[in-house]
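A short worksheet on the structure shown next.
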Amino acid sequence: MDFSLTSTEQQFRDELREFCSEYVTSEVKELTRNGTLHNWELHRKMADRGWLWGAIPAELGGGGRSPMEMAVFTEELQLAGAPIDAIGNIVLVASVILELGNDFLKSEVVPKLLNGESLASLGYSEPEAGSDVAACRTKAERDGDEWIINGQKMWTTMAHEADFVILLTRTEAPKHRGLTMFIVPFTTPGIEIQPVWTIGTERTNATFYDNVRINDRWRIGEVNKGWQVMLACLKYERGFAGGQYPSVPLIEAAHHHAETHTRPDGTLLIHDSVLREQLVRAMIDVEACRVLAYRTAALAAAGGQFGVEGSMTKLFSSERYQQHCDWFLDMQGPEGLLRWGTPEAPNDGEIEENWRHAPVTTIYGGTSEIQRNNIAEHRLGLPRAR
Amino acid sequence: MRLQFNDDEQAIHDAFATFFAKECPTEVVREAAPLGFSRDLWQKLGETGVPIMALPENYGGGGANLRELGIVVGLAGSSIAPVPLVEHAVATRLLARLSETETDLAQYLISDESAIATLALRPISSKDSTANLLPAGAIANTFVALHGNDLIAVTSPPPLISLANTADLPIANREIANSEIANSEIALPDILATATEATFHFSRAVSEWQALTATAICGLGQRALQIGVDYALERQQFDRPIGSFQAVQHGLADAATELEAAYYLCQRALWMLDNEAENAPDTTAPSTTAQTFAAMAFLFTSEAAQRATAASLHYHGGYGYAEEYDIGLYYRRAKGWSLIYGSPAQEYQRLADTLLGPIAVA
Ligand SMILES: Cc1cc2nc3c(=O)[nH]c(=O)nc-3n(C[C@H](O)[C@H](O)[C@H](O)COP(=O)(O)OP(=O)(O)OC[C@H]3O[C@@H](n4cnc5c(N)ncnc54)[C@H](O)[C@@H]3O)c2cc1C
């Protein structure tokens, strides 16, 4: 066993730390409060440094940063509180196109994504198909060289900022076998995007497809082999989905609050032994997330399968994050209820904002139940429960 | 980063997986109770060189690092082996650090090759003359303790009877002779170090104990989980294996997840302690020192293993509560191996002082 980083990995970490301390300012973070967890200026600065190309595996013609470098990349951005959702989508869509897409998609879509010009959305979920994503109903019908798409997607996050959506459609009846995947430009006539506001700060969307016509060259993968593309998508999440360190900025905020606020008896909150234990527990949980994330990356680097480890990391970090959010919002007492923008809100409502965000982390990217099913079946060898 | 075994590590693993499977079935564990020690197993382990494998070579040891020792310790934990491997390794490493030569070290372990050394985990006030609830105290020939300002070594005959306890631990209270009391029959302690040198060596040894014990507890938890999974696949209710019920699956999946994290926390703690000993820099930029990390890994792993053994016992239904089933052995030891260190609540407060800064007195 050896946990040391190579000098390249270490240098990359230093570079990222420098970048984040300069550009991931509180103003940048505040700008994401419009509901879109994305900041174009920051995004283009990262693209300019070649980090988006870098995130693409070398065998696909990308910059080929190693899984461990990618682990360091997502770690440092999260520790700094930078939004990473958009980068995750880009890396995923570009990688899948490079692996399974045609030359047209490779030249038309990939450079725009990796140069920092365009974003992509993930169009898997539907009103009636969430965890059971293969129950997808959005229909694609062949018409000569073209396809006509009709249906609705739900939770198409970032659609209002993105140029493309990777769209899972049904082309035939049988469940997993009748699916086909497309890349669809949002400018195509017949698409409507409606905002879906959430109890968190983020905005997502419902997207509607009404006789949307696209040429066959926008298809990715074979007809009725969309499920294979879907599996490739999961492979290229590369540690972005859900994140592993949501608790770090939260703990910092809680610690800061506790050092600057007093209890009714006039002593500092940080002297409270229950709170001290909670802070230590949360810090230990972060170390647990870190070793799980490193383990997943090390497995990927060794060419191994890491689906179960990814599930464990996502399950553990999101479940514990919810616990941490509860602890630290409670710590603030009734003042904790105040939202950002209210002058009295402690620390500009940062903990309250985390607390509202917390529920979604065990839902999107595969719910906790789906992760546990995966672990039970593929790690413990228990019978498939679904 | 290499988070799997290399060939040497794999070889150690394979050899000792075989050793414990053969030499330490649960009958051995049951026969060793209530003393909590199998001399036979200890002797066999002694023949393999494991008790001294992590002593420096110039002290007659095997020169292994803590990670290598940890492989064996984890396997001993899986088999809940009734041998004081961690205590002995930690105490002899400490004695070696404070002995100039191999002969100096040998004086503490004179009686025979299977002599046992151990460590009192909590500082003892200079006013007190016993080391209470000493781990391996019922069987150890020599124990090291931080007594007042002094790090001392006491060599005296072990009582070979333990204080009856939930986990069949070989614990006992041991006397520290006092020069002011005339005609004490016990030899006076040797003073190994004093003042800051004493606390420095003591806290390093306690951290090694925490990281290695956590590793043993992790092995224990993983085996307990496997026992639960095997049972869930075999036991039928409502015409199907109980392991096909999602409620059961999810409880086991949570246990597996926590133990996975615990395992790598333990590995990292051992790696950091090895690095600290070699003065190698930690390039992963940790937020803590090796010793703090060892305490973090210990707390996390203790809880993960206790939850895993409790879940595994629970999914045995009534049989889990029956003395005859092995899961109860694991359940009791997961608690005992953890709690012998001290109350976790106190340990969290100690860590808080390190990680958050002490409570400033106004
Ligand atoms: C803010 C937000 C952003 C999102 N962004 C995107 C996006 O960009 N692109 C996209 O495609 N999707 C996105 N999603 C969708 C997300 O992936 C789904 O919400 C998620 O997969 C769950 O599906 P569902 O909401 O239909 O819930 P359901 O599948 O209906 O689940 C409801 C409950 O039933 C449980 N359940 C379901 N199946 C099982 C089972 N087999 N065993 C045990 N329990 C089960 C679930 O765990 C859950 O608790 C987003 C969701 C949100 C809230």
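Chain identifiers are assigned as A, B, and so on, following the order in which chains appear in the structure tokens; residues are numbered from 1 within each chain, and ligands are numbered from 1 in order of appearance.
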* Selection within 6 Å of ligand 1 by only C-alpha atoms and all ligand atoms, output as a list in words ->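 These are the residues that qualify: Ser121, Leu122, Gly123, Tyr124, Ser125, Ala129, Gly130, Ser131, Trp155, Thr156, Thr157, Thr204, Val360, Ile363, Tyr364, Gly365, Gly366, Thr367, Ser368, Glu369, Ile370 and Arg386 of chain A.
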Output of the above residues as a compact mmCIF listing (two decimals), in the first residue's frame, restricted to all heavy atoms:
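part-v6.txt written:
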# COMPACT_ATOMS: atom_id res chain seq x y z
N SER A 121 -26.21 18.86 -21.66
CA SER A 121 -27.11 18.34 -20.62
C SER A 121 -27.26 16.84 -20.79
O SER A 121 -27.03 16.30 -21.87
CB SER A 121 -28.50 18.97 -20.76
OG SER A 121 -28.46 20.31 -20.37
N LEU A 122 -27.70 16.21 -19.71
CA LEU A 122 -27.95 14.77 -19.75
C LEU A 122 -29.45 14.55 -19.79
O LEU A 122 -30.17 14.93 -18.86
CB LEU A 122 -27.36 14.09 -18.51
CG LEU A 122 -25.90 14.44 -18.19
CD1 LEU A 122 -25.45 13.68 -16.94
CD2 LEU A 122 -24.99 14.11 -19.37
N GLY A 123 -29.93 13.96 -20.85
CA GLY A 123 -31.37 13.75 -21.01
C GLY A 123 -31.74 12.29 -20.85
O GLY A 123 -32.10 11.63 -21.83
N TYR A 124 -31.61 11.79 -19.64
CA TYR A 124 -32.01 10.40 -19.40
C TYR A 124 -33.40 10.35 -18.75
O TYR A 124 -34.28 9.66 -19.20
CB TYR A 124 -31.08 9.67 -18.43
CG TYR A 124 -29.58 9.85 -18.59
CD1 TYR A 124 -28.76 9.96 -17.46
CD2 TYR A 124 -28.98 9.86 -19.85
CE1 TYR A 124 -27.39 10.08 -17.58
CE2 TYR A 124 -27.60 9.99 -19.96
CZ TYR A 124 -26.81 10.11 -18.82
OH TYR A 124 -25.46 10.23 -18.91
N SER A 125 -33.54 11.09 -17.64
CA SER A 125 -34.73 10.93 -16.80
C SER A 125 -35.97 11.49 -17.46
O SER A 125 -35.92 12.46 -18.22
CB SER A 125 -34.53 11.64 -15.46
OG SER A 125 -33.39 11.16 -14.83
N ALA A 129 -39.83 7.73 -15.76
CA ALA A 129 -38.66 6.85 -15.75
C ALA A 129 -37.50 7.55 -15.05
O ALA A 129 -36.86 8.44 -15.60
CB ALA A 129 -38.25 6.48 -17.18
N GLY A 130 -37.28 7.17 -13.80
CA GLY A 130 -36.20 7.78 -13.02
C GLY A 130 -35.15 6.74 -12.70
O GLY A 130 -34.24 6.48 -13.49
N SER A 131 -35.30 6.10 -11.56
CA SER A 131 -34.37 5.02 -11.20
C SER A 131 -34.37 3.94 -12.27
O SER A 131 -33.34 3.38 -12.60
CB SER A 131 -34.77 4.41 -9.85
OG SER A 131 -34.74 5.38 -8.85
N TRP A 155 -35.88 16.89 -15.37
CA TRP A 155 -34.59 17.11 -14.69
C TRP A 155 -33.44 17.29 -15.67
O TRP A 155 -32.35 16.78 -15.45
CB TRP A 155 -34.25 15.95 -13.74
CG TRP A 155 -35.39 15.47 -12.90
CD1 TRP A 155 -36.01 14.27 -12.98
CD2 TRP A 155 -36.05 16.17 -11.83
NE1 TRP A 155 -37.02 14.17 -12.06
CE2 TRP A 155 -37.05 15.32 -11.34
CE3 TRP A 155 -35.90 17.44 -11.27
CZ2 TRP A 155 -37.90 15.70 -10.29
CZ3 TRP A 155 -36.73 17.80 -10.23
CH2 TRP A 155 -37.72 16.94 -9.76
N THR A 156 -33.70 17.99 -16.77
CA THR A 156 -32.64 18.21 -17.74
C THR A 156 -31.82 19.42 -17.26
O THR A 156 -31.96 20.53 -17.76
CB THR A 156 -33.22 18.44 -19.14
OG1 THR A 156 -34.39 17.64 -19.30
CG2 THR A 156 -32.22 18.07 -20.21
N THR A 157 -30.98 19.16 -16.29
CA THR A 157 -30.24 20.24 -15.63
C THR A 157 -29.32 20.94 -16.63
O THR A 157 -28.71 20.27 -17.47
CB THR A 157 -29.45 19.66 -14.45
OG1 THR A 157 -30.37 18.96 -13.62
CG2 THR A 157 -28.76 20.75 -13.64
N THR A 204 -33.43 23.42 -12.30
CA THR A 204 -33.27 22.42 -13.32
C THR A 204 -34.41 22.62 -14.32
O THR A 204 -35.06 23.68 -14.29
CB THR A 204 -33.18 20.99 -12.71
OG1 THR A 204 -33.12 20.03 -13.76
CG2 THR A 204 -34.33 20.67 -11.78
N VAL A 360 -31.15 16.46 -2.21
CA VAL A 360 -31.00 16.00 -3.60
C VAL A 360 -29.79 15.08 -3.76
O VAL A 360 -29.74 14.26 -4.67
CB VAL A 360 -30.93 17.20 -4.58
CG1 VAL A 360 -29.54 17.83 -4.60
CG2 VAL A 360 -31.32 16.75 -5.97
N ILE A 363 -30.49 11.58 -4.05
CA ILE A 363 -31.49 11.27 -5.09
C ILE A 363 -30.84 11.23 -6.47
O ILE A 363 -30.91 10.23 -7.18
CB ILE A 363 -32.64 12.31 -5.07
CG1 ILE A 363 -33.39 12.23 -3.73
CG2 ILE A 363 -33.58 12.06 -6.24
CD1 ILE A 363 -34.38 13.37 -3.51
N TYR A 364 -30.20 12.34 -6.86
CA TYR A 364 -29.68 12.35 -8.24
C TYR A 364 -28.40 11.52 -8.37
O TYR A 364 -27.80 11.13 -7.37
CB TYR A 364 -29.55 13.76 -8.81
CG TYR A 364 -28.58 14.73 -8.16
CD1 TYR A 364 -27.60 14.35 -7.27
CD2 TYR A 364 -28.65 16.08 -8.51
CE1 TYR A 364 -26.72 15.27 -6.73
CE2 TYR A 364 -27.77 17.01 -7.96
CZ TYR A 364 -26.81 16.60 -7.08
OH TYR A 364 -25.94 17.50 -6.55
N GLY A 365 -28.06 11.23 -9.61
CA GLY A 365 -26.89 10.37 -9.82
C GLY A 365 -27.10 8.95 -9.31
O GLY A 365 -26.14 8.24 -9.03
N GLY A 366 -28.35 8.52 -9.20
CA GLY A 366 -28.66 7.19 -8.63
C GLY A 366 -28.95 7.34 -7.15
O GLY A 366 -28.08 7.76 -6.38
N THR A 367 -30.16 7.00 -6.74
CA THR A 367 -30.54 7.20 -5.33
C THR A 367 -29.74 6.26 -4.43
O THR A 367 -29.14 5.29 -4.90
CB THR A 367 -32.04 6.90 -5.11
OG1 THR A 367 -32.26 5.49 -5.29
CG2 THR A 367 -32.93 7.69 -6.06
N SER A 368 -29.79 6.54 -3.14
CA SER A 368 -29.07 5.68 -2.19
C SER A 368 -29.55 4.24 -2.29
O SER A 368 -28.74 3.31 -2.16
CB SER A 368 -29.29 6.19 -0.76
OG SER A 368 -28.58 7.39 -0.57
N GLU A 369 -30.84 4.05 -2.54
CA GLU A 369 -31.35 2.68 -2.63
C GLU A 369 -30.75 1.96 -3.84
O GLU A 369 -30.39 0.78 -3.77
CB GLU A 369 -32.89 2.68 -2.75
CG GLU A 369 -33.60 2.97 -1.44
CD GLU A 369 -33.43 4.41 -0.98
OE1 GLU A 369 -33.30 5.31 -1.84
OE2 GLU A 369 -33.41 4.64 0.24
N ILE A 370 -30.62 2.71 -4.95
CA ILE A 370 -30.04 2.09 -6.15
C ILE A 370 -28.56 1.75 -5.89
O ILE A 370 -28.06 0.71 -6.31
CB ILE A 370 -30.22 3.04 -7.36
CG1 ILE A 370 -31.72 3.25 -7.65
CG2 ILE A 370 -29.49 2.52 -8.58
CD1 ILE A 370 -32.53 2.00 -7.92
N ARG A 386 -34.37 -6.34 -7.73
CA ARG A 386 -35.37 -5.68 -8.56
C ARG A 386 -35.97 -6.67 -9.54
O ARG A 386 -35.28 -7.53 -10.03
CB ARG A 386 -34.74 -4.54 -9.36
CG ARG A 386 -34.24 -3.43 -8.50
CD ARG A 386 -32.94 -2.88 -9.01
NE ARG A 386 -31.83 -3.75 -8.61
CZ ARG A 386 -30.66 -3.73 -9.18
NH1 ARG A 386 -30.43 -2.95 -10.19
NH2 ARG A 386 -29.70 -4.52 -8.75
Enumerate, in order of chain and increasing residue number, the residues of chain B with an atom no farther than 7 Å from chain A, each with its shortest atom pair and distance in Å to one decimal, counting only C-alpha atoms, as CSV.
residue,atom,partner,partner_atom,distance
B:Met1,CA,A:Phe3,CA,4.7
B:Arg2,CA,A:Asp2,CA,4.9
B:Leu3,CA,A:Met1,CA,5.1
B:Gln4,CA,A:Met1,CA,5.7
B:Phe5,CA,A:Met1,CA,5.8
B:Val229,CA,A:Leu380,CA,6.9
B:Leu233,CA,A:Leu382,CA,7.0
B:Gly243,CA,A:Leu382,CA,6.0
B:Ser244,CA,A:Pro383,CA,5.4
B:Gln246,CA,A:Ala385,CA,6.2
B:Gln249,CA,A:Ala376,CA,5.7
B:His250,CA,A:Arg372,CA,5.6
B:Ala253,CA,A:Ala376,CA,5.4
B:Thr257,CA,A:Met312,CA,5.5
B:Ala261,CA,A:Ala288,CA,5.3
B:Tyr264,CA,A:Val291,CA,5.9
B:Leu265,CA,A:Ala288,CA,6.4
B:Arg268,CA,A:Phe3,CA,6.9
B:Trp271,CA,A:Asp2,CA,6.9
B:Asp282,CA,A:Ser4,CA,6.7
B:Thr283,CA,A:Ser4,CA,5.5
B:Thr284,CA,A:Ser4,CA,6.0
B:Met296,CA,A:Ile284,CA,6.0
B:Tyr348,CA,A:Glu277,CA,5.5
B:Gln349,CA,A:Glu277,CA,6.3
B:Ala352,CA,A:Arg276,CA,5.9
B:Ile359,CA,A:His271,CA,5.8
* Could you write out, as a PyMOL selection string, all the residues of stretch 186-266 of chain B that DSSP marks as helix (DSSP H, G or I)? -> chain B and resi 195-234+242-244+246-266
* To do: Extract, using only C-alpha atoms, all DNA, RNA and protein residues at most 12 Å from B:Gln306, discarding same-chain residues fewer than 3 positions from it, and format them as a PyMOL selection string.
  => chain B and resi 214+217-222+224-225+255+258-259+262+299-303+309-313+327-328+330-339
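With only C-alpha atoms as the basis for measurement, A:Val286 is the residue among A:Asp103, A:Ile220, A:Met331, A:Val286 that approaches B:Ala297 most closely.
Near A:Trp51, within 10 Å and counting only C-alpha atoms, sit His43, Arg44, Lys45, Met46, Ala47, Ala55, Ile56, Gly63, Arg65, Met70, Phe73, Ile87, Leu114, Asn115 and Gly116 of chain A, not including residues fewer than 4 positions from it in the same chain.
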Generate the output file for the selected residues, N, CA and C atoms, as a PDB file, in the first residue's frame.
ATOM      1  N   HIS A  43     -15.359  28.871 -15.869  1.00  0.00           N
ATOM      2  CA  HIS A  43     -15.332  27.728 -16.768  1.00  0.00           C
ATOM      3  C   HIS A  43     -14.328  27.949 -17.908  1.00  0.00           C
ATOM      4  N   ARG A  44     -14.353  29.148 -18.495  1.00  0.00           N
ATOM      5  CA  ARG A  44     -13.458  29.421 -19.636  1.00  0.00           C
ATOM      6  C   ARG A  44     -12.009  29.496 -19.178  1.00  0.00           C
ATOM      7  N   LYS A  45     -11.802  29.969 -17.966  1.00  0.00           N
ATOM      8  CA  LYS A  45     -10.423  29.998 -17.452  1.00  0.00           C
ATOM      9  C   LYS A  45      -9.876  28.574 -17.327  1.00  0.00           C
ATOM     10  N   MET A  46     -10.742  27.672 -16.910  1.00  0.00           N
ATOM     11  CA  MET A  46     -10.297  26.278 -16.786  1.00  0.00           C
ATOM     12  C   MET A  46     -10.069  25.677 -18.172  1.00  0.00           C
ATOM     13  N   ALA A  47     -10.966  25.994 -19.091  1.00  0.00           N
ATOM     14  CA  ALA A  47     -10.809  25.492 -20.467  1.00  0.00           C
ATOM     15  C   ALA A  47      -9.508  26.023 -21.064  1.00  0.00           C
ATOM     16  N   ALA A  55      -9.072  16.225 -19.161  1.00  0.00           N
ATOM     17  CA  ALA A  55      -9.917  15.263 -18.452  1.00  0.00           C
ATOM     18  C   ALA A  55     -10.355  14.101 -19.336  1.00  0.00           C
ATOM     19  N   ILE A  56     -10.066  14.202 -20.632  1.00  0.00           N
ATOM     20  CA  ILE A  56     -10.481  13.134 -21.549  1.00  0.00           C
ATOM     21  C   ILE A  56      -9.374  12.079 -21.616  1.00  0.00           C
ATOM     22  N   GLY A  63      -6.362  14.791 -23.452  1.00  0.00           N
ATOM     23  CA  GLY A  63      -5.115  15.119 -22.761  1.00  0.00           C
ATOM     24  C   GLY A  63      -4.675  14.009 -21.824  1.00  0.00           C
ATOM     25  N   ARG A  65      -5.278  12.955 -18.637  1.00  0.00           N
ATOM     26  CA  ARG A  65      -4.863  12.996 -17.237  1.00  0.00           C
ATOM     27  C   ARG A  65      -5.259  11.672 -16.590  1.00  0.00           C
ATOM     28  N   MET A  70      -7.300  13.148 -12.033  1.00  0.00           N
ATOM     29  CA  MET A  70      -8.694  13.564 -12.061  1.00  0.00           C
ATOM     30  C   MET A  70      -9.292  13.591 -10.653  1.00  0.00           C
ATOM     31  N   PHE A  73      -8.135  16.680  -9.210  1.00  0.00           N
ATOM     32  CA  PHE A  73      -8.854  17.785  -9.874  1.00  0.00           C
ATOM     33  C   PHE A  73     -10.219  18.017  -9.220  1.00  0.00           C
ATOM     34  N   ILE A  87     -18.788  20.705 -15.736  1.00  0.00           N
ATOM     35  CA  ILE A  87     -17.580  20.032 -16.229  1.00  0.00           C
ATOM     36  C   ILE A  87     -17.829  18.539 -16.305  1.00  0.00           C
ATOM     37  N   LEU A 114     -15.018  21.037 -25.326  1.00  0.00           N
ATOM     38  CA  LEU A 114     -13.739  21.005 -24.610  1.00  0.00           C
ATOM     39  C   LEU A 114     -12.984  22.337 -24.677  1.00  0.00           C
ATOM     40  N   ASN A 115     -13.387  23.198 -25.603  1.00  0.00           N
ATOM     41  CA  ASN A 115     -12.751  24.520 -25.639  1.00  0.00           C
ATOM     42  C   ASN A 115     -13.445  25.520 -24.717  1.00  0.00           C
ATOM     43  N   GLY A 116     -14.506  25.061 -24.057  1.00  0.00           N
ATOM     44  CA  GLY A 116     -15.169  25.941 -23.100  1.00  0.00           C
ATOM     45  C   GLY A 116     -16.250  26.806 -23.716  1.00  0.00           C
TER      46      GLY A 116
END
* **Within 12 Å of B:Leu151 using only C-alpha atoms, minus same-chain residues under 2 positions, as a PyMOL selection string** => chain B and resi 91+94-95+98+119-126+143-149+153-154+189-203+205
* Near-stretch 162-175 of chain A list (9 Å; only C-alpha atoms; drop same-chain fewer than 4 positions) as a ChimeraX atom specification -> /A:93,109,118-125,134-142,149,151,153,156,158,179-187,220,223-224,226-227,230
